[in-house]
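Data from protein-v2.txt: compact mmCIF, C-alpha atoms
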```txt
# COMPACT_ATOMS: atom_id res chain seq x y z
CA GLY A 1128 -33.25 -33.17 25.85
CA GLN A 1129 -35.12 -32.38 22.68
CA ASN A 1130 -38.68 -33.57 22.21
CA ILE A 1131 -41.22 -32.76 19.54
CA ASP A 1132 -44.67 -34.36 19.54
CA GLN A 1133 -47.35 -34.32 16.87
CA PRO A 1134 -50.16 -36.73 16.01
CA THR A 1135 -49.21 -39.63 13.80
CA GLU A 1136 -52.19 -39.56 11.48
CA MET A 1137 -55.22 -37.43 10.72
CA THR A 1138 -58.05 -37.61 8.23
CA ALA A 1139 -60.22 -34.83 6.92
CA THR A 1140 -62.77 -34.11 4.24
CA GLU A 1141 -62.16 -32.11 1.10
CA GLY A 1142 -63.18 -28.47 1.64
CA ALA A 1143 -62.95 -28.71 5.42
CA ILE A 1144 -60.48 -27.22 7.88
CA VAL A 1145 -57.90 -29.23 9.80
CA GLN A 1146 -55.56 -28.25 12.63
CA ILE A 1147 -52.34 -30.14 13.25
CA ASN A 1148 -50.84 -29.59 16.67
CA CYS A 1149 -47.21 -29.72 17.72
CA THR A 1150 -45.71 -29.49 21.19
CA TYR A 1151 -42.02 -29.20 21.83
CA GLN A 1152 -39.38 -29.09 24.52
CA THR A 1153 -35.98 -27.81 23.48
CA SER A 1154 -33.12 -25.73 24.74
CA GLY A 1155 -32.05 -22.67 22.84
CA PHE A 1156 -35.30 -22.23 20.88
CA ASN A 1157 -34.81 -20.14 17.77
CA GLY A 1158 -37.93 -20.60 15.67
CA LEU A 1159 -40.47 -23.20 14.55
CA PHE A 1160 -41.06 -24.41 11.02
CA TRP A 1161 -43.75 -26.38 9.28
CA TYR A 1162 -42.91 -28.43 6.20
CA GLN A 1163 -45.03 -30.46 3.81
CA GLN A 1164 -43.65 -33.70 2.45
CA HIS A 1165 -45.16 -35.95 -0.18
CA ALA A 1166 -44.02 -39.55 -0.23
CA GLY A 1167 -40.58 -39.98 -1.75
CA GLU A 1168 -39.95 -36.26 -2.03
CA ALA A 1169 -38.03 -33.70 -0.03
CA PRO A 1170 -39.84 -31.43 2.41
CA THR A 1171 -41.13 -28.11 1.17
CA PHE A 1172 -41.30 -25.04 3.37
CA LEU A 1173 -44.73 -23.90 4.56
CA SER A 1174 -44.25 -21.49 7.43
CA TYR A 1175 -41.94 -20.06 10.05
CA ASN A 1176 -42.77 -18.63 13.46
CA VAL A 1177 -40.31 -17.14 15.89
CA LEU A 1178 -42.62 -14.77 17.79
CA ASP A 1179 -45.89 -15.64 19.47
CA GLY A 1180 -48.97 -15.32 17.35
CA LEU A 1181 -50.52 -16.31 14.09
CA GLU A 1182 -48.88 -16.19 10.68
CA GLU A 1183 -51.24 -16.47 7.73
CA LYS A 1184 -50.26 -17.41 4.21
CA GLY A 1185 -53.12 -18.18 1.89
CA ARG A 1186 -54.89 -21.40 2.91
CA PHE A 1187 -52.22 -22.13 5.51
CA SER A 1188 -51.78 -20.50 8.90
CA SER A 1189 -49.38 -21.30 11.70
CA PHE A 1190 -49.57 -20.33 15.34
CA LEU A 1191 -46.90 -20.28 18.03
CA SER A 1192 -46.94 -19.96 21.80
CA ARG A 1193 -43.40 -20.05 23.11
CA SER A 1194 -44.44 -20.04 26.77
CA LYS A 1195 -46.51 -23.18 26.19
CA GLY A 1196 -44.11 -24.85 23.78
CA TYR A 1197 -47.00 -25.21 21.36
CA SER A 1198 -47.70 -24.62 17.72
CA TYR A 1199 -50.37 -25.57 15.24
CA LEU A 1200 -50.74 -25.60 11.48
CA LEU A 1201 -54.18 -24.75 10.16
CA LEU A 1202 -55.18 -25.82 6.68
CA LYS A 1203 -58.33 -24.35 5.20
CA GLU A 1204 -60.40 -25.33 2.17
CA LEU A 1205 -58.70 -28.68 2.04
CA GLN A 1206 -57.87 -30.15 -1.35
CA MET A 1207 -57.03 -33.71 -2.28
CA LYS A 1208 -53.48 -32.63 -3.07
CA ASP A 1209 -53.04 -31.62 0.57
CA SER A 1210 -52.76 -35.31 1.43
CA ALA A 1211 -49.18 -35.49 2.65
CA SER A 1212 -47.04 -35.60 5.77
CA TYR A 1213 -46.69 -32.39 7.73
CA LEU A 1214 -43.52 -31.99 9.68
CA CYS A 1215 -43.10 -29.72 12.67
CA ALA A 1216 -39.48 -28.69 13.13
CA VAL A 1217 -37.79 -26.59 15.76
CA ARG A 1218 -34.63 -24.63 15.26
CA ALA A 1219 -32.62 -24.92 18.42
CA SER A 1220 -29.07 -24.63 19.62
CA PRO A 1221 -28.64 -27.39 22.20
CA GLY A 1222 -24.98 -27.78 21.44
CA GLY A 1223 -24.19 -24.15 20.85
CA TYR A 1224 -25.03 -24.06 17.16
CA ASN A 1225 -28.36 -23.87 15.36
CA LYS A 1226 -29.89 -27.01 13.94
CA LEU A 1227 -33.33 -28.06 12.79
CA ILE A 1228 -34.94 -30.86 14.78
CA PHE A 1229 -37.92 -32.59 13.23
CA GLY A 1230 -40.94 -34.17 14.76
CA ALA A 1231 -42.10 -37.56 13.50
CA GLY A 1232 -44.60 -35.95 11.15
CA THR A 1233 -48.37 -36.13 10.80
CA ARG A 1234 -49.77 -38.04 7.85
CA LEU A 1235 -52.88 -36.27 6.63
CA ALA A 1236 -55.35 -38.06 4.40
CA VAL A 1237 -57.93 -35.89 2.65
CA HIS A 1238 -60.92 -37.78 1.30
CA PRO A 1239 -63.81 -36.63 -0.90
CA GLY B 1087 -36.38 -23.24 -9.78
CA ALA B 1088 -34.42 -25.58 -7.54
CA VAL B 1089 -31.88 -23.98 -5.28
CA VAL B 1090 -30.32 -27.22 -4.04
CA SER B 1091 -29.49 -30.26 -6.16
CA GLN B 1092 -28.46 -33.75 -5.20
CA HIS B 1093 -26.79 -36.40 -7.27
CA PRO B 1094 -27.57 -39.17 -7.81
CA SER B 1095 -31.31 -39.24 -7.22
CA ARG B 1096 -31.27 -43.00 -6.91
CA VAL B 1097 -28.47 -45.47 -6.43
CA ILE B 1098 -28.30 -49.20 -5.92
CA CYS B 1099 -25.07 -50.67 -4.66
CA LYS B 1100 -23.79 -53.96 -3.36
CA SER B 1101 -23.08 -54.58 0.27
CA GLY B 1102 -19.53 -53.61 1.21
CA THR B 1103 -19.09 -50.94 -1.44
CA SER B 1104 -18.98 -47.18 -0.94
CA VAL B 1105 -21.35 -44.61 -2.34
CA LYS B 1106 -20.85 -40.88 -2.71
CA ILE B 1107 -23.77 -38.45 -2.70
CA GLU B 1108 -23.32 -34.85 -3.80
CA CYS B 1109 -25.24 -31.85 -2.58
CA ARG B 1110 -24.91 -28.58 -4.47
CA SER B 1111 -26.15 -25.14 -3.59
CA LEU B 1112 -27.12 -23.60 -6.92
CA ASP B 1113 -28.10 -20.03 -6.13
CA PHE B 1114 -25.98 -18.95 -3.22
CA GLN B 1115 -22.94 -19.72 -1.16
CA ALA B 1116 -23.60 -22.00 1.77
CA THR B 1117 -21.26 -22.10 4.69
CA THR B 1118 -23.49 -24.64 6.41
CA MET B 1119 -25.15 -27.71 4.97
CA PHE B 1120 -27.03 -30.43 6.79
CA TRP B 1121 -27.36 -34.12 6.02
CA TYR B 1122 -30.49 -36.01 7.02
CA ARG B 1123 -31.59 -39.61 6.75
CA GLN B 1124 -35.19 -40.70 6.51
CA PHE B 1125 -36.44 -44.27 6.83
CA PRO B 1126 -39.87 -45.20 5.44
CA LYS B 1127 -42.76 -43.57 7.28
CA GLN B 1128 -40.39 -41.88 9.68
CA SER B 1129 -39.27 -38.30 10.01
CA LEU B 1130 -35.98 -36.75 9.06
CA MET B 1131 -33.11 -37.52 11.39
CA LEU B 1132 -30.20 -35.12 11.37
CA MET B 1133 -26.97 -36.98 10.76
CA ALA B 1134 -24.43 -34.19 10.66
CA THR B 1135 -23.80 -30.53 10.09
CA SER B 1136 -21.32 -29.80 7.34
CA ASN B 1137 -19.28 -26.65 7.67
CA GLU B 1138 -17.23 -25.33 4.77
CA GLY B 1139 -13.54 -25.61 5.41
CA SER B 1140 -13.81 -27.47 8.70
CA LYS B 1141 -14.75 -30.85 10.08
CA ALA B 1142 -18.38 -31.86 10.13
CA THR B 1143 -20.27 -32.09 13.40
CA TYR B 1144 -21.96 -35.45 13.79
CA GLU B 1145 -25.06 -36.21 15.81
CA GLN B 1146 -24.95 -38.72 18.59
CA GLY B 1147 -25.04 -42.27 17.29
CA VAL B 1148 -23.83 -41.42 13.79
CA GLU B 1149 -20.49 -43.01 12.92
CA LYS B 1150 -18.20 -40.40 11.45
CA ASP B 1151 -15.90 -43.02 9.96
CA LYS B 1152 -18.79 -44.65 8.14
CA PHE B 1153 -20.46 -41.49 6.89
CA LEU B 1154 -17.70 -39.29 5.54
CA ILE B 1155 -18.61 -35.68 4.89
CA ASN B 1156 -16.57 -33.26 2.86
CA HIS B 1157 -17.55 -29.62 2.44
CA ALA B 1158 -14.68 -28.38 0.33
CA SER B 1159 -16.37 -25.40 -1.26
CA LEU B 1160 -19.21 -23.01 -0.56
CA THR B 1161 -21.44 -24.76 -3.06
CA LEU B 1162 -20.66 -28.44 -2.62
CA SER B 1163 -20.88 -30.96 0.19
CA THR B 1164 -20.49 -34.70 -0.26
CA LEU B 1165 -21.61 -37.61 1.88
CA THR B 1166 -19.85 -40.92 1.36
CA VAL B 1167 -21.42 -44.02 2.83
CA THR B 1168 -18.51 -46.39 3.30
CA SER B 1169 -18.82 -50.18 3.40
CA ALA B 1170 -22.54 -49.92 2.88
CA HIS B 1171 -24.87 -52.50 4.38
CA PRO B 1172 -28.55 -53.19 3.69
CA GLU B 1173 -29.52 -51.35 6.87
CA ASP B 1174 -28.02 -48.19 5.34
CA SER B 1175 -30.74 -48.26 2.71
CA SER B 1176 -32.61 -45.03 3.21
CA PHE B 1177 -33.55 -41.66 1.79
CA TYR B 1178 -30.71 -39.19 2.26
CA ILE B 1179 -31.55 -35.49 2.08
CA CYS B 1180 -29.28 -32.49 2.30
CA SER B 1181 -30.27 -28.95 3.14
CA VAL B 1182 -28.59 -25.62 2.87
CA LEU B 1183 -28.67 -22.74 5.31
CA THR B 1184 -27.96 -19.28 4.02
CA ASP B 1185 -26.42 -16.62 6.14
CA SER B 1186 -29.12 -14.11 5.31
CA SER B 1187 -32.21 -16.26 5.62
CA TYR B 1188 -33.85 -18.24 8.37
CA GLU B 1189 -35.00 -20.83 5.90
CA GLN B 1190 -33.33 -24.10 5.09
CA TYR B 1191 -33.58 -25.22 1.50
CA PHE B 1192 -33.79 -28.95 0.96
CA GLY B 1193 -32.39 -30.97 -1.88
CA PRO B 1194 -34.60 -33.47 -3.71
CA GLY B 1195 -33.08 -36.41 -1.86
CA THR B 1196 -31.15 -39.55 -2.81
CA ARG B 1197 -32.72 -42.97 -2.50
CA LEU B 1198 -29.99 -45.47 -1.57
CA THR B 1199 -30.64 -49.19 -1.81
CA VAL B 1200 -27.96 -51.58 -0.64
CA THR B 1201 -28.37 -55.16 -1.84
```
The structure given in the file should be rewritten as structure tokens.
Amino acid sequence: GQNIDQPTEMTATEGAIVQINCTYQTSGFNGLFWYQQHAGEAPTFLSYNVLDGLEEKGRFSSFLSRSKGYSYLLLKELQMKDSASYLCAVRASPGGYNKLIFGAGTRLAVHP
Amino acid sequence: GAVVSQHPSRVICKSGTSVKIECRSLDFQATTMFWYRQFPKQSLMLMATSNEGSKATYEQGVEKDKFLINHASLTLSTLTVTSAHPEDSSFYICSVLTDSSYEQYFGPGTRLTVT
């Protein structure tokens, strides 16, 4: 079956660094995505990893280890506007076609 | 600018009525669109995959006769919630997958409230 786990909630201080972990078990893995979602809005794309290693994009970095079924999203120099839910999603093909399967999301609260 | 639009953004309907939600791909042709549902403080749950010119593929537990999907053109997919009930109240989001990109583009979502 498909299973994606990430922490439910995290808190961090403005200016700090936070790491959000995601572990997954899927069949037909074809890439891992991180999305940011503010309440009442649609998700916005943050990063995509399909090969092992670290992808850096400004204040955000994402890491993938396919052998461990593990990824993390690293947010640096946290700002208040980074308070949001962060969704880990795996593209997989369990039924023979690609689809994006989402984890439950991690609600991040950034405080002064 | 937005690459995917949804209409309406919000809708309130009475129990037993049907509601149609449109999802449009604005910048490119989309052979595949996805429909998700999101309840408060929960993640996105894939309801179905909409394929242009063919029948949609529904996820386990999603009633195809209740959630009708039509993908008649490469830029438009519609989701009709038939005989809506209060438990259908949710945030419905579509996304578009391009043939040339790995990324899915999400629409802004439709907030459905059934009274």
Item to check | Residue with smallest distance to chain A - pool B:Leu1198, B:Leu1162, B:Ile1155, B:Ile1098, counting all atoms listed in the file | outcome: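 Closest to chain A of all the choices is B:Leu1198.
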Item to check | Val1182 of chain B environment, 7 Å, only C-alpha atoms, sequence neighbours closer than 4 positions dropped, as a PyMOL selection string | outcome: chain B and resi 1111+1116+1118-1120+1190-1192
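Comparing the minimum interatomic distances between chain B and each of A:Leu1178, A:Ala1166, A:Val1145, A:Ala1219, counting only C-alpha atoms, we find that A:Ala1166 sits nearest.
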Item to check | Atomic distance atom CA of Val1148 of chain B - atom CA of Trp1161 of chain A, expressed in Å with one decimal | outcome: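 One can read the atom CA of Val1148 of chain B to atom CA of Trp1161 of chain A distance as 25.4 Å.
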For the contact check between chain B and chain A, emit one row per residue of chain B within 10 Å, containing the shortest atom pair and the distance in Å rounded to one decimal, counting all atoms listed in the file, chain then rising number order, as a tab-separated table.
```
residue	atom	partner	partner_atom	distance
B:Phe1120	CA	A:Lys1226	CA	8.4
B:Gln1124	CA	A:Gly1167	CA	9.9
B:Pro1126	CA	A:Gly1167	CA	8.9
B:Lys1127	CA	A:Ala1166	CA	8.6
B:Gln1128	CA	A:Ala1231	CA	6.0
B:Ser1129	CA	A:Ala1231	CA	4.6
B:Leu1130	CA	A:Phe1229	CA	6.2
B:Met1131	CA	A:Phe1229	CA	7.1
B:Leu1132	CA	A:Ile1228	CA	7.2
B:Ala1134	CA	A:Lys1226	CA	9.6
B:Thr1135	CA	A:Lys1226	CA	8.0
B:Phe1177	CA	A:Gly1167	CA	8.0
B:Tyr1178	CA	A:Ala1169	CA	9.4
B:Ile1179	CA	A:Ala1169	CA	7.0
B:Cys1180	CA	A:Ala1169	CA	9.1
B:Ser1181	CA	A:Ala1169	CA	9.6
B:Leu1183	CA	A:Lys1226	CA	9.7
B:Tyr1188	CA	A:Tyr1175	CA	8.5
B:Glu1189	CA	A:Phe1172	CA	8.0
B:Gln1190	CA	A:Phe1172	CA	8.2
B:Tyr1191	CA	A:Phe1172	CA	7.9
B:Phe1192	CA	A:Ala1169	CA	6.4
B:Gly1193	CA	A:Ala1169	CA	6.5
B:Pro1194	CA	A:Ala1169	CA	5.0
B:Gly1195	CA	A:Ala1169	CA	5.9
B:Thr1196	CA	A:Glu1168	CA	9.4
B:Arg1197	CA	A:Gly1167	CA	8.4
```
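The interatomic distance for the pair atom CA of Gly1147 of chain B and atom CA of Tyr1122 of chain B works out to 13.2 Å.
Each of A:Ala1236, A:Leu1200, A:Met1207, A:Leu1181 was checked against Asn1148 of chain A using all atoms listed in the file; the smallest atom-to-atom distance is that of A:Leu1200.
Residue nearest His1157 of chain B within the list B:Ser1176, B:Thr1184, B:Ser1136, B:Ser1169: B:Ser1136 [criterion: smallest interatomic distance, all atoms listed in the file].
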I'd like the neighbourhood of segment 1237-1239 of chain A as a CSV table (one decimal) with C-alpha atoms, in the coordinates of the input, where a residue qualifies if any of its atoms comes within 8 Å (using all atoms listed in the file), though same-chain residues fewer than 3 positions away should be ignored.
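As written to disk, out_13.csv reads:
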```csv
chain,number,residue,atom,x,y,z
A,1138,THR,CA,-58.0,-37.6,8.2
A,1139,ALA,CA,-60.2,-34.8,6.9
A,1140,THR,CA,-62.8,-34.1,4.2
A,1141,GLU,CA,-62.2,-32.1,1.1
A,1205,LEU,CA,-58.7,-28.7,2.0
A,1206,GLN,CA,-57.9,-30.2,-1.4
A,1207,MET,CA,-57.0,-33.7,-2.3
A,1208,LYS,CA,-53.5,-32.6,-3.1
A,1209,ASP,CA,-53.0,-31.6,0.6
A,1210,SER,CA,-52.8,-35.3,1.4
```
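The residue that comes closest to Gly1196 of chain A, out of A:Met1137, A:Ile1147, A:Leu1173, A:Val1217 and on the basis of only C-alpha atoms, is A:Val1217.
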Checklist entry - Distance atom CA of Ile1131 of chain A-atom CA of Thr1166 of chain B, one decimal place? => result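 That distance, rounded to one decimal, is 29.2 Å.
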Checklist entry - At a cut-off of 12 Å from (-14.8, -39.2, 8.6) in the coordinates of the file, what residues are picked up using only C-alpha atoms, written as a list in words? => result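 Neighbouring residues, ordered by chain and number, come to Ala1134, Ser1136, Ser1140, Lys1141, Ala1142, Thr1143, Tyr1144, Val1148, Glu1149, Lys1150, Asp1151, Lys1152, Phe1153, Leu1154, Ile1155, Asn1156, His1157, Thr1164, Leu1165, Thr1166, Val1167 and Thr1168 of chain B.
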Next on the checklist: I need the residue nearest Arg1193 of chain A from this list: A:Ser1220, A:Gln1152, A:His1165, A:Ala1211. Use all atoms listed in the file for the distance.
Outcome noted: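 Of all the options, A:Gln1152 lies closest to Arg1193 of chain A.
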